[in-house]
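Quick notes on the structure that follows.
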Amino acid sequence: MKKALVIGGGLHGLSTALHLARTPGWQVTLLERRHVGRHSSGVNAGGVRRLGRALPEIALSVIAAEMWHGIEALVGDDCGFRATGQVKVAESAADIAKNEARVAQVRALGWTHEEVVDQAEVRRLLPAVSPHVVGAIVTRDDGSADPMRTVMAFRRAAEQAGVVIHEGVAVTGLERTAEGTIRVATDHQMFEAERVANCAGAWAPDLAALAGETIPCGTKASMMIVTERLPPFVDPTVGCSSRSLSFKQTAAGTVVIGGGHQGRNDKATETSTVLFGSLAHAARIAAEIFPCVAQARIVRSWTGTEARPPDDMPVIGESRSLPGLFHSFGFSGHGFQLSPAAGAAVAELMARGATNLPVAAFNQDRFTVPA
Amino acid sequence: MSVADEWTAEGAAKPPVAETTDVLVLGAGPAGMAAATEARAHGMRVLVLDENGAPGGQVHRAVEARLAKGAVEKRDAKDDQDKDGAKLAAAFRASGANYRPNATLWAVEPEGKVFWSEGGAARSIQAERLILCAGATERPLPIPGWTLPGVMSVGAAQIALKTGGLVPEGAVWLAGQGPLLWLYAVQALAKGGKIAGIIDLSPPGGLQRARPHLLRALKAPEYLWRGLVWQRQVKRTVRVIPARELRAEGEGRLARILVDGVAHPADLLLLHDGVVPNTQVTRAIAGLTHGWDPVQRCWRPGLDLWGNTAVPGVMVAGDSAGIGGARAAALSGRIAALEAARALGRITTDERDGRAGPLRLLRDRQLAPRLFLDAMFPPLPEAAIPDETILCRCEEVTAGRVRQAVALGCLGANQTKAFTRAGMGPCQGRICGPSVHGVIAAARGVEGGEVDPFRTRFPTKPLTLGELAALAG
Amino acid sequence: MFRRTDPPDCTIVWEGRELPARAGESLAVALLAAGITTFRETPVTGAARGPLCLMGACFDCLVQVEEAQNMQACLVPVTPGLRAQMQHGARGFVEDAA
Ligand SMILES: Cc1cc2nc3c(=O)[nH]c(=O)nc-3n(C[C@H](O)[C@H](O)[C@H](O)COP(=O)(O)OP(=O)(O)OC[C@H]3O[C@@H](n4cnc5c(N)ncnc54)[C@H](O)[C@@H]3O)c2cc1C
Ligand SMILES: Cc1cc2nc3c(=O)[nH]c(=O)nc-3n(C[C@H](O)[C@H](O)[C@H](O)COP(=O)(O)OP(=O)(O)OC[C@H]3O[C@@H](n4cnc5c(N)ncnc54)[C@H](O)[C@@H]3O)c2cc1C
Ligand code: FES
């Protein structure tokens, strides 16, 4: 058996470990500094969305969408996935023009999941939407899932496939051995493996640096709000063309509101802080698009921390300084949906050095300035 | 005029809020009132927020109103709590602090920006120093059937007594353990109330456990003396049943209780298992560390001798720092205010130390009986809570489901929360927090300190989206 | 259950029925004094609930006050003539006034 090590117990680490453990000949160990699902993967909005993806991400996202529709076959649980659709509303004639141009662009590339709809159709899809909404883009079979349930399902499936998970173990160093394997130092014991995956989320660029590689990357601390339970009034997940919003009612009736409004994070202490002056904008946009929620009580707000490369797209590829180390991070606030497919791709890269899955665009060489 | 109109009108008539203040005090209980009064004495600008309509906190709740009716003066000399309260409240009113009742704090941001709601509108202020005196809450005592209407906490009944003059009558039972249970029984009987019986759930052997701490406790003998007198007084007229197991039953409302399997008719059941520090706000502040208190089995903020937390500028005083009772709370409030005055350059370090010295001695004396009391009344073991008992009342999650989640690999309260929704409802884990935490620890067979507590999140009190949206300007 | 030791000085309207109360006390206290223990039905299973803590912590005392839903009865002061009713399940979408 060949040994592989996955760093990070978020969804990307779990998915990579799961796929690799199901590849004959691999014995996989996963190291997680805190507990599985502690960071982005356990606290995200659960949006399973192709709608509005940057063009280079669409191909992988489409494959991920297929995997979500069969998620029970993959991990033995439906992960709370519901294909209730994603809708991005237009608030002006300018928004409509933008939407039409966008969908034309997507269709020109051969993708048909995005669709422009008129005011009557938005009203049918979202009876509670504000009258000023004039149209939308929809992807009818996108949807949402339950993040923590998904994390637990991937964990169980990975363990059943033979992955050994160590929680409370932090990686502190990476180096090449004379035999060409990678030695991984932690705050507990030492590990050694032929292949290592760097799925450490916001902290992944620091691990890359430990291995001698600088990958330009900032962080994001997206903020979320959840309200008290309300009667069911909206099925799809709703976004907005020219303002930052993500708006969804859960099966329990609570409304989850986000959209990338940024709090503040401190990577060293692994904490992030909600800034209410800025979160107020999310509340305002939500109450303007769905006036019926203005009186709803906020029950909690929170933030999660994630890595964000300059172009808001992930880094997936083998390290240039430490062969055998594979990066998979920087999902910039939209990596939940991608996790089943990205994990499969990274597992293939690790096992056989190549993959047919469309991840070539995410190679870190894109940041290298040509000499 | 609708309720909403009246609130707005009242809010509008209040003094305006400046954009900054030297000291912001949360809570107008003994700790908060004393802190504010002391801070004013050193010339600092002080803003005090309390969600209650009048000063006093838990112990001196509605003390001014009762004073106005003459009730306080007529009281028994041995109940001098109200006198303490009246004195604290009068000094606080005269101090010149900007006191804002009916104001609920819901967020503290780094660098001292504080948000609260008042009269249906969100407000904020920048404070140099925060002294958080949020007091205590009752430790939940989850038993099968405790969600039935007609089951309340002893603290709730005491509030009904203090604020509305309501006394128990009919098939009213008290159950659980702790000094407050006996105190309430005394207070209720003194006002002519009737109690059908007290179900004493305290683990046997209390005096034996407590004996090693007796000598120290005798530094403030009045506490023990009072406790004994209370129990004696109550036992003269009220039946006390020592028991291990209690259930509440009824169809849509409490009808009877089962005490170790024996049924008694009941129309009101009052539960109590001691009090725990209210750390709802401190736990939500990033970087503010808490430590596990293995004796009182609760979390408390990590503090230095002055009440400074790990976050610069944020201080904690009173029972929210660890249960010490009303007089210790007031003293720690004053000590914290002296440190704030030093930090803001109003007094020198020597002056601070000189003034705080005697206060410290007094406080030590007040805290002397704690170990004795804690040993007498250790919190009831969560392992004994039957599986069918609802722990999280908001989301209706049972102890059994939390235990299942632990079996599936959820090791802490935040994971069981994401998995079962326990702690996700409007009370934000205020009520279920200690018992969910204890059930997880017991199920894992580890000490409470090894299980992460609920991370609380701002807003720590629900505000509406509309209120928040208004802050977007 | 409970007996008042101070006489009522006004009335409020609960579920269309007039009840004695004292101005300034909390709505929850006024209802308890009138023998009412069921304040709401939960949004999760529809179970009947009444106040637990009377100090604003448990959210089990939610009622509708005038047009405003999900109000904590233990934090709402009684004013003469105040109208309130049970909170059935989750907040609905009738236009709130508060
Ligand atoms: C508020 C919010 C809302 C979001 N909403 C959506 C959405 O609706 N749809 C969507 O598709 N995406 C969404 N996302 C993005 C999505 O959550 C992330 O892209 C995804 O979860 C990233 O997973 P990950 O495994 O890469 O990172 P993480 O889940 O952050 O996992 C990384 C793990 O690595 C561990 N780690 C770090 N350093 C070390 C070390 N040295 N040693 C060992 N372990 C280490 C960490 O403890 C952590 O558990 C959202 C993100 C946030 C924050
Ligand atoms: C229900 C109950 C009854 C008690 N009864 C007694 C008694 O009869 N005798 C006795 O000796 N001890 C009693 N205690 C113990 C009590 O904790 C202490 O005696 C004493 O009141 C502690 O004083 P404090 O100033 O620390 O807190 P408290 O007196 O509790 O004061 C805290 C204040 O902070 C306010 N507050 C908290 N959070 C917020 C927020 N987010 N926004 C705005 N305001 C907020 C509260 O409204 C409260 O007025 C009781 C405790 C409880 C929980
Ligand atoms: S009775 Fe607990 S919040 Fe009102």
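Chain identifiers are assigned as A, B, and so on, following the order in which chains appear in the structure tokens; residues are numbered from 1 within each chain, and ligands are numbered from 1 in order of appearance.
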Check: which chain C residues lie within 8 Å of chain B using only C-alpha atoms, as a ChimeraX atom specification: /C:1-6,22,25,29-30,33,37-38,42,44,47-55,57-60,65-66,75,82,97-98
Given only C-alpha atoms, how would the per-residue table for chain A near chain C read, listing every residue at most 12 Å away with its closest atom pair and distance in Å to one decimal, sorted by chain and number, as CSV?
residue,atom,partner,partner_atom,distance
A:Ala128,CA,C:Phe93,CA,10.3
A:Thr227,CA,C:Arg91,CA,11.0
A:Glu228,CA,C:Ala90,CA,8.1
A:Arg229,CA,C:Ala90,CA,5.8
A:Leu230,CA,C:Ala90,CA,5.4
A:Pro231,CA,C:Gly92,CA,6.3
A:Pro232,CA,C:Gly92,CA,9.7
A:Phe233,CA,C:Phe93,CA,9.5
A:Ala251,CA,C:Val44,CA,11.4
A:Ala252,CA,C:Val44,CA,8.2
A:Gly253,CA,C:Ala90,CA,8.6
A:Thr254,CA,C:Ala90,CA,9.8
A:Phe290,CA,C:Phe93,CA,11.5
A:Pro291,CA,C:Phe93,CA,10.1
A:Cys292,CA,C:Phe93,CA,6.5
A:Val293,CA,C:Phe93,CA,8.3
A:Ala294,CA,C:Asp96,CA,9.4
A:Gln295,CA,C:Asp96,CA,7.0
A:Ala296,CA,C:Arg91,CA,7.8
A:Arg297,CA,C:Asn70,CA,9.0
A:Val299,CA,C:Phe59,CA,11.7
Keeping N, CA, C and O atoms for every residue in the selection just given, could you write it to a file as a PDB file, in the first residue's frame?
ATOM      1  N   ALA A 128     -43.018  36.064  -2.795  1.00  0.00           N
ATOM      2  CA  ALA A 128     -42.858  37.090  -1.763  1.00  0.00           C
ATOM      3  C   ALA A 128     -41.871  38.178  -2.162  1.00  0.00           C
ATOM      4  O   ALA A 128     -41.591  39.084  -1.385  1.00  0.00           O
ATOM      5  N   THR A 227     -32.161  33.924  10.861  1.00  0.00           N
ATOM      6  CA  THR A 227     -33.308  34.466  11.593  1.00  0.00           C
ATOM      7  C   THR A 227     -34.035  33.366  12.352  1.00  0.00           C
ATOM      8  O   THR A 227     -33.739  32.186  12.187  1.00  0.00           O
ATOM      9  N   GLU A 228     -34.990  33.787  13.144  1.00  0.00           N
ATOM     10  CA  GLU A 228     -35.931  32.862  13.775  1.00  0.00           C
ATOM     11  C   GLU A 228     -36.702  32.122  12.665  1.00  0.00           C
ATOM     12  O   GLU A 228     -36.635  32.491  11.500  1.00  0.00           O
ATOM     13  N   ARG A 229     -37.446  31.101  13.077  1.00  0.00           N
ATOM     14  CA  ARG A 229     -38.249  30.357  12.102  1.00  0.00           C
ATOM     15  C   ARG A 229     -39.387  31.225  11.566  1.00  0.00           C
ATOM     16  O   ARG A 229     -40.037  31.935  12.317  1.00  0.00           O
ATOM     17  N   LEU A 230     -39.622  31.132  10.269  1.00  0.00           N
ATOM     18  CA  LEU A 230     -40.746  31.823   9.639  1.00  0.00           C
ATOM     19  C   LEU A 230     -41.557  30.787   8.871  1.00  0.00           C
ATOM     20  O   LEU A 230     -41.044  29.717   8.551  1.00  0.00           O
ATOM     21  N   PRO A 231     -42.826  31.120   8.559  1.00  0.00           N
ATOM     22  CA  PRO A 231     -43.592  30.165   7.745  1.00  0.00           C
ATOM     23  C   PRO A 231     -42.908  30.045   6.376  1.00  0.00           C
ATOM     24  O   PRO A 231     -42.264  30.992   5.933  1.00  0.00           O
ATOM     25  N   PRO A 232     -43.050  28.904   5.708  1.00  0.00           N
ATOM     26  CA  PRO A 232     -42.372  28.745   4.408  1.00  0.00           C
ATOM     27  C   PRO A 232     -42.832  29.829   3.435  1.00  0.00           C
ATOM     28  O   PRO A 232     -44.029  30.053   3.288  1.00  0.00           O
ATOM     29  N   PHE A 233     -41.889  30.550   2.822  1.00  0.00           N
ATOM     30  CA  PHE A 233     -42.298  31.573   1.847  1.00  0.00           C
ATOM     31  C   PHE A 233     -41.384  31.619   0.638  1.00  0.00           C
ATOM     32  O   PHE A 233     -41.664  32.308  -0.324  1.00  0.00           O
ATOM     33  N   ALA A 251     -35.095  24.179   5.616  1.00  0.00           N
ATOM     34  CA  ALA A 251     -36.229  23.295   5.855  1.00  0.00           C
ATOM     35  C   ALA A 251     -36.874  23.604   7.201  1.00  0.00           C
ATOM     36  O   ALA A 251     -38.074  23.439   7.387  1.00  0.00           O
ATOM     37  N   ALA A 252     -36.079  24.093   8.169  1.00  0.00           N
ATOM     38  CA  ALA A 252     -36.622  24.405   9.489  1.00  0.00           C
ATOM     39  C   ALA A 252     -37.412  25.710   9.495  1.00  0.00           C
ATOM     40  O   ALA A 252     -38.077  26.019  10.478  1.00  0.00           O
ATOM     41  N   GLY A 253     -37.319  26.498   8.415  1.00  0.00           N
ATOM     42  CA  GLY A 253     -38.056  27.752   8.355  1.00  0.00           C
ATOM     43  C   GLY A 253     -37.201  28.975   8.635  1.00  0.00           C
ATOM     44  O   GLY A 253     -37.622  30.108   8.420  1.00  0.00           O
ATOM     45  N   THR A 254     -35.994  28.774   9.149  1.00  0.00           N
ATOM     46  CA  THR A 254     -35.116  29.916   9.394  1.00  0.00           C
ATOM     47  C   THR A 254     -34.619  30.456   8.067  1.00  0.00           C
ATOM     48  O   THR A 254     -34.568  29.730   7.070  1.00  0.00           O
ATOM     49  N   PHE A 290     -36.947  41.092  -0.003  1.00  0.00           N
ATOM     50  CA  PHE A 290     -38.095  40.390   0.597  1.00  0.00           C
ATOM     51  C   PHE A 290     -38.619  41.216   1.781  1.00  0.00           C
ATOM     52  O   PHE A 290     -38.254  40.958   2.936  1.00  0.00           O
ATOM     53  N   PRO A 291     -39.500  42.193   1.505  1.00  0.00           N
ATOM     54  CA  PRO A 291     -39.960  43.092   2.577  1.00  0.00           C
ATOM     55  C   PRO A 291     -40.597  42.336   3.738  1.00  0.00           C
ATOM     56  O   PRO A 291     -40.571  42.814   4.873  1.00  0.00           O
ATOM     57  N   CYS A 292     -41.130  41.142   3.496  1.00  0.00           N
ATOM     58  CA  CYS A 292     -41.823  40.433   4.565  1.00  0.00           C
ATOM     59  C   CYS A 292     -40.898  40.019   5.703  1.00  0.00           C
ATOM     60  O   CYS A 292     -41.360  39.672   6.784  1.00  0.00           O
ATOM     61  N   VAL A 293     -39.572  40.066   5.508  1.00  0.00           N
ATOM     62  CA  VAL A 293     -38.686  39.613   6.583  1.00  0.00           C
ATOM     63  C   VAL A 293     -38.200  40.752   7.483  1.00  0.00           C
ATOM     64  O   VAL A 293     -37.468  40.514   8.435  1.00  0.00           O
ATOM     65  N   ALA A 294     -38.626  41.986   7.184  1.00  0.00           N
ATOM     66  CA  ALA A 294     -38.089  43.122   7.945  1.00  0.00           C
ATOM     67  C   ALA A 294     -38.311  42.965   9.447  1.00  0.00           C
ATOM     68  O   ALA A 294     -37.483  43.379  10.247  1.00  0.00           O
ATOM     69  N   GLN A 295     -39.431  42.353   9.854  1.00  0.00           N
ATOM     70  CA  GLN A 295     -39.715  42.222  11.283  1.00  0.00           C
ATOM     71  C   GLN A 295     -39.176  40.922  11.878  1.00  0.00           C
ATOM     72  O   GLN A 295     -39.329  40.672  13.069  1.00  0.00           O
ATOM     73  N   ALA A 296     -38.566  40.100  11.046  1.00  0.00           N
ATOM     74  CA  ALA A 296     -38.059  38.825  11.559  1.00  0.00           C
ATOM     75  C   ALA A 296     -36.860  39.078  12.454  1.00  0.00           C
ATOM     76  O   ALA A 296     -36.059  39.969  12.207  1.00  0.00           O
ATOM     77  N   ARG A 297     -36.765  38.281  13.514  1.00  0.00           N
ATOM     78  CA  ARG A 297     -35.662  38.466  14.449  1.00  0.00           C
ATOM     79  C   ARG A 297     -34.428  37.706  13.999  1.00  0.00           C
ATOM     80  O   ARG A 297     -34.514  36.567  13.561  1.00  0.00           O
ATOM     81  N   VAL A 299     -31.339  35.634  14.883  1.00  0.00           N
ATOM     82  CA  VAL A 299     -31.005  34.786  16.019  1.00  0.00           C
ATOM     83  C   VAL A 299     -29.496  34.696  16.221  1.00  0.00           C
ATOM     84  O   VAL A 299     -29.009  34.606  17.334  1.00  0.00           O
TER      85      VAL A 299
END
Exercise answer, chain A residues close to chain B, 10 Å and only C-alpha atoms, as a ChimeraX atom specification: /A:35-38,42-43,146-149,152,155-156,225-229,252,254,264-266,269-288,291,293-303
All helix (DSSP H, G or I) positions in chain C, as a ChimeraX atom specification: /C:27-33,73-75
What's the 7 Å shell around A:Thr219, counting only C-alpha atoms, without same-chain residues fewer than 5 positions away, as a PDB file with all heavy atoms, in the first residue's frame?
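File written: around.pdb
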ATOM      1  N   ALA A 202      -7.930  28.438   4.788  1.00  0.00           N
ATOM      2  CA  ALA A 202      -7.301  29.756   4.905  1.00  0.00           C
ATOM      3  C   ALA A 202      -5.815  29.662   5.220  1.00  0.00           C
ATOM      4  O   ALA A 202      -5.058  30.576   4.939  1.00  0.00           O
ATOM      5  CB  ALA A 202      -8.009  30.570   5.981  1.00  0.00           C
ATOM      6  N   THR A 305     -13.710  31.722   7.836  1.00  0.00           N
ATOM      7  CA  THR A 305     -12.482  32.225   7.214  1.00  0.00           C
ATOM      8  C   THR A 305     -12.056  31.317   6.075  1.00  0.00           C
ATOM      9  O   THR A 305     -12.040  30.096   6.219  1.00  0.00           O
ATOM     10  CB  THR A 305     -11.364  32.273   8.264  1.00  0.00           C
ATOM     11  OG1 THR A 305     -11.818  33.086   9.324  1.00  0.00           O
ATOM     12  CG2 THR A 305     -10.103  32.858   7.685  1.00  0.00           C
ATOM     13  N   GLU A 306     -11.688  31.923   4.965  1.00  0.00           N
ATOM     14  CA  GLU A 306     -11.262  31.138   3.814  1.00  0.00           C
ATOM     15  C   GLU A 306     -10.186  31.852   3.018  1.00  0.00           C
ATOM     16  O   GLU A 306     -10.088  33.077   3.057  1.00  0.00           O
ATOM     17  CB  GLU A 306     -12.472  30.886   2.908  1.00  0.00           C
ATOM     18  CG  GLU A 306     -12.299  29.586   2.191  1.00  0.00           C
ATOM     19  CD  GLU A 306     -13.353  29.341   1.150  1.00  0.00           C
ATOM     20  OE1 GLU A 306     -14.380  30.032   1.119  1.00  0.00           O
ATOM     21  OE2 GLU A 306     -13.116  28.439   0.349  1.00  0.00           O
ATOM     22  N   ALA A 307      -9.393  31.069   2.291  1.00  0.00           N
ATOM     23  CA  ALA A 307      -8.357  31.655   1.448  1.00  0.00           C
ATOM     24  C   ALA A 307      -8.964  32.197   0.157  1.00  0.00           C
ATOM     25  O   ALA A 307      -9.940  31.640  -0.353  1.00  0.00           O
ATOM     26  CB  ALA A 307      -7.298  30.604   1.125  1.00  0.00           C
ATOM     27  N   ARG A 308      -8.366  33.279  -0.333  1.00  0.00           N
ATOM     28  CA  ARG A 308      -8.896  33.918  -1.523  1.00  0.00           C
ATOM     29  C   ARG A 308      -7.759  34.416  -2.406  1.00  0.00           C
ATOM     30  O   ARG A 308      -7.180  35.474  -2.157  1.00  0.00           O
ATOM     31  CB  ARG A 308      -9.748  35.101  -1.088  1.00  0.00           C
ATOM     32  CG  ARG A 308     -10.220  35.952  -2.217  1.00  0.00           C
ATOM     33  CD  ARG A 308     -10.748  37.243  -1.670  1.00  0.00           C
ATOM     34  NE  ARG A 308     -11.901  37.681  -2.421  1.00  0.00           N
ATOM     35  CZ  ARG A 308     -12.704  38.650  -2.032  1.00  0.00           C
ATOM     36  NH1 ARG A 308     -12.498  39.254  -0.872  1.00  0.00           N
ATOM     37  NH2 ARG A 308     -13.717  39.001  -2.774  1.00  0.00           N
TER      38      ARG A 308
END
Nearest candidate to A:Val163 (options A:Leu338, A:Val48, A:Ala21, A:Val6; using only C-alpha atoms): A:Ala21
Quick one: residues within 10 Å of stretch 15-19 of chain C, only C-alpha atoms counted, chain neighbours fewer than 2 positions away excluded, as an mmCIF file with C-alpha atoms, in the first residue's frame?
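Below is the file that was written, around-v4.cif:
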data_model
loop_
_atom_site.group_PDB
_atom_site.id
_atom_site.type_symbol
_atom_site.label_atom_id
_atom_site.label_comp_id
_atom_site.auth_asym_id
_atom_site.auth_seq_id
_atom_site.Cartn_x
_atom_site.Cartn_y
_atom_site.Cartn_z
ATOM 1 C CA PRO C 8 -55.178 45.140 40.428
ATOM 2 C CA CYS C 10 -56.424 48.271 35.492
ATOM 3 C CA THR C 11 -57.493 45.702 32.920
ATOM 4 C CA ILE C 12 -55.915 44.150 29.862
ATOM 5 C CA VAL C 13 -57.439 42.053 27.095
ATOM 6 C CA ALA C 21 -53.769 43.686 35.957
ATOM 7 C CA ALA C 30 -50.407 39.672 34.850
ATOM 8 C CA LEU C 31 -51.339 36.523 32.913
ATOM 9 C CA ALA C 33 -51.874 36.100 38.254
ATOM 10 C CA ALA C 34 -55.024 35.445 36.224
ATOM 11 C CA GLN C 64 -48.657 38.592 20.230
ATOM 12 C CA GLY C 81 -56.174 48.305 27.983
ATOM 13 C CA LEU C 82 -53.227 46.426 26.440
ATOM 14 C CA ARG C 83 -54.417 43.729 24.022
ATOM 15 C CA ALA C 84 -52.529 40.475 23.632
ATOM 16 C CA GLN C 85 -53.062 36.944 22.437
ATOM 17 C CA MET C 86 -51.325 33.599 22.098
#
Exercise answer, 7 Å around ligand 2 with only C-alpha atoms and all ligand atoms, as an MDAnalysis selection string: chainID B and resid 26:32 49:52 55:60 103:106 133:138 155:156 158 180 183 275 281 317:320 323 325:326 329:330 460:461
DSSP strand (DSSP E) residues within stretch 89-207 of chain A, as a ChimeraX atom specification: /A:89-90,115-118,135-139,143-144,164-167,171-176,182-186,191-193,195-198
Would you save the residues of that selection, restricted to N, CA and C atoms, as a short mmCIF file (atom, residue, chain, number, x, y, z; two decimals), in the first residue's frame?
data_model
loop_
_atom_site.label_atom_id
_atom_site.label_comp_id
_atom_site.auth_asym_id
_atom_site.auth_seq_id
_atom_site.Cartn_x
_atom_site.Cartn_y
_atom_site.Cartn_z
N VAL A 89 -31.86 37.82 -8.84
CA VAL A 89 -32.87 38.77 -9.29
C VAL A 89 -32.25 40.04 -9.88
N ALA A 90 -32.97 40.61 -10.83
CA ALA A 90 -32.59 41.88 -11.47
C ALA A 90 -33.49 42.97 -10.93
N GLU A 115 -30.62 30.51 -17.25
CA GLU A 115 -31.78 30.86 -18.07
C GLU A 115 -32.27 32.25 -17.63
N VAL A 116 -32.55 33.11 -18.61
CA VAL A 116 -33.09 34.43 -18.26
C VAL A 116 -34.61 34.31 -18.13
N VAL A 117 -35.20 34.86 -17.07
CA VAL A 117 -36.66 34.82 -16.96
C VAL A 117 -37.21 36.23 -16.74
N ASP A 118 -38.48 36.42 -17.08
CA ASP A 118 -39.08 37.75 -16.98
C ASP A 118 -39.74 37.95 -15.62
N GLY A 135 -36.85 40.92 -13.12
CA GLY A 135 -36.48 39.73 -13.89
C GLY A 135 -35.43 38.96 -13.12
N ALA A 136 -34.85 37.94 -13.75
CA ALA A 136 -33.85 37.16 -13.04
C ALA A 136 -33.12 36.22 -13.98
N ILE A 137 -32.00 35.68 -13.46
CA ILE A 137 -31.40 34.49 -14.08
C ILE A 137 -31.73 33.34 -13.13
N VAL A 138 -32.13 32.19 -13.67
CA VAL A 138 -32.36 31.05 -12.77
C VAL A 138 -31.60 29.82 -13.26
N THR A 139 -31.24 29.00 -12.31
CA THR A 139 -30.75 27.66 -12.62
C THR A 139 -31.65 26.73 -11.83
N GLY A 143 -29.36 24.11 -6.01
CA GLY A 143 -30.09 23.99 -4.75
C GLY A 143 -29.23 24.30 -3.56
N SER A 144 -29.45 23.57 -2.48
CA SER A 144 -28.67 23.80 -1.28
C SER A 144 -28.63 22.51 -0.47
N VAL A 164 -7.92 7.12 8.04
CA VAL A 164 -7.71 7.30 9.47
C VAL A 164 -7.66 8.80 9.75
N ILE A 165 -8.55 9.28 10.61
CA ILE A 165 -8.62 10.73 10.86
C ILE A 165 -8.04 11.03 12.24
N HIS A 166 -7.07 11.95 12.27
CA HIS A 166 -6.55 12.43 13.55
C HIS A 166 -6.99 13.87 13.76
N GLU A 167 -7.80 14.10 14.78
CA GLU A 167 -8.19 15.47 15.09
C GLU A 167 -7.29 16.02 16.17
N VAL A 171 -0.24 20.40 11.45
CA VAL A 171 0.99 20.25 10.68
C VAL A 171 1.86 21.48 10.88
N THR A 172 3.17 21.24 11.14
CA THR A 172 4.06 22.36 11.40
C THR A 172 5.26 22.41 10.44
N GLY A 173 5.43 21.38 9.66
CA GLY A 173 6.56 21.40 8.74
C GLY A 173 6.43 20.33 7.66
N LEU A 174 7.02 20.61 6.48
CA LEU A 174 6.95 19.68 5.34
C LEU A 174 8.34 19.62 4.74
N GLU A 175 8.88 18.43 4.56
CA GLU A 175 10.17 18.40 3.86
C GLU A 175 10.33 17.09 3.12
N ARG A 176 11.21 17.16 2.14
CA ARG A 176 11.47 16.01 1.28
C ARG A 176 12.52 15.12 1.92
N ILE A 182 7.68 12.48 1.48
CA ILE A 182 7.54 13.76 2.20
C ILE A 182 7.40 13.48 3.69
N ARG A 183 8.21 14.17 4.47
CA ARG A 183 8.10 14.02 5.91
C ARG A 183 7.26 15.19 6.44
N VAL A 184 6.26 14.86 7.21
CA VAL A 184 5.33 15.87 7.71
C VAL A 184 5.47 15.97 9.23
N ALA A 185 5.93 17.13 9.69
CA ALA A 185 6.06 17.34 11.14
C ALA A 185 4.75 17.91 11.68
N THR A 186 4.36 17.48 12.87
CA THR A 186 3.14 18.00 13.48
C THR A 186 3.45 18.37 14.93
N PHE A 191 4.93 12.22 10.51
CA PHE A 191 4.33 11.32 9.52
C PHE A 191 5.21 11.32 8.27
N GLU A 192 5.06 10.26 7.49
CA GLU A 192 5.78 10.22 6.22
C GLU A 192 4.85 9.64 5.17
N ALA A 193 4.86 10.21 3.97
CA ALA A 193 3.95 9.73 2.93
C ALA A 193 4.52 10.02 1.56
N ARG A 195 2.50 10.87 -1.01
CA ARG A 195 1.72 11.99 -1.53
C ARG A 195 1.07 12.73 -0.36
N VAL A 196 1.02 14.05 -0.46
CA VAL A 196 0.39 14.85 0.59
C VAL A 196 -0.54 15.86 -0.07
N ALA A 197 -1.74 16.02 0.47
CA ALA A 197 -2.67 17.03 -0.05
C ALA A 197 -2.73 18.19 0.94
N ASN A 198 -2.62 19.40 0.42
CA ASN A 198 -2.73 20.61 1.24
C ASN A 198 -4.13 21.17 1.09
#
Close residues, C:Val78 itself excluded, 6 Å, only C-alpha atoms, min 3 positions apart in chain, as a list in words: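 Those residues are Ala23, Gly24, Glu25, Ser26 and Leu27 of chain C.
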Pairwise distance for atom 24 (P, counted along the ligand's line) of ligand 1 and atom CA of A:Val234, rounded to one decimal in Å: 28.6 Å
Spatial neighbours of stretch 364-366 of chain A, max dist 10 Å, only C-alpha atoms, sep filter under 4 positions, as a VMD selection string: chain A and resid 214 to 216 309 311 314 to 320 327 360 370
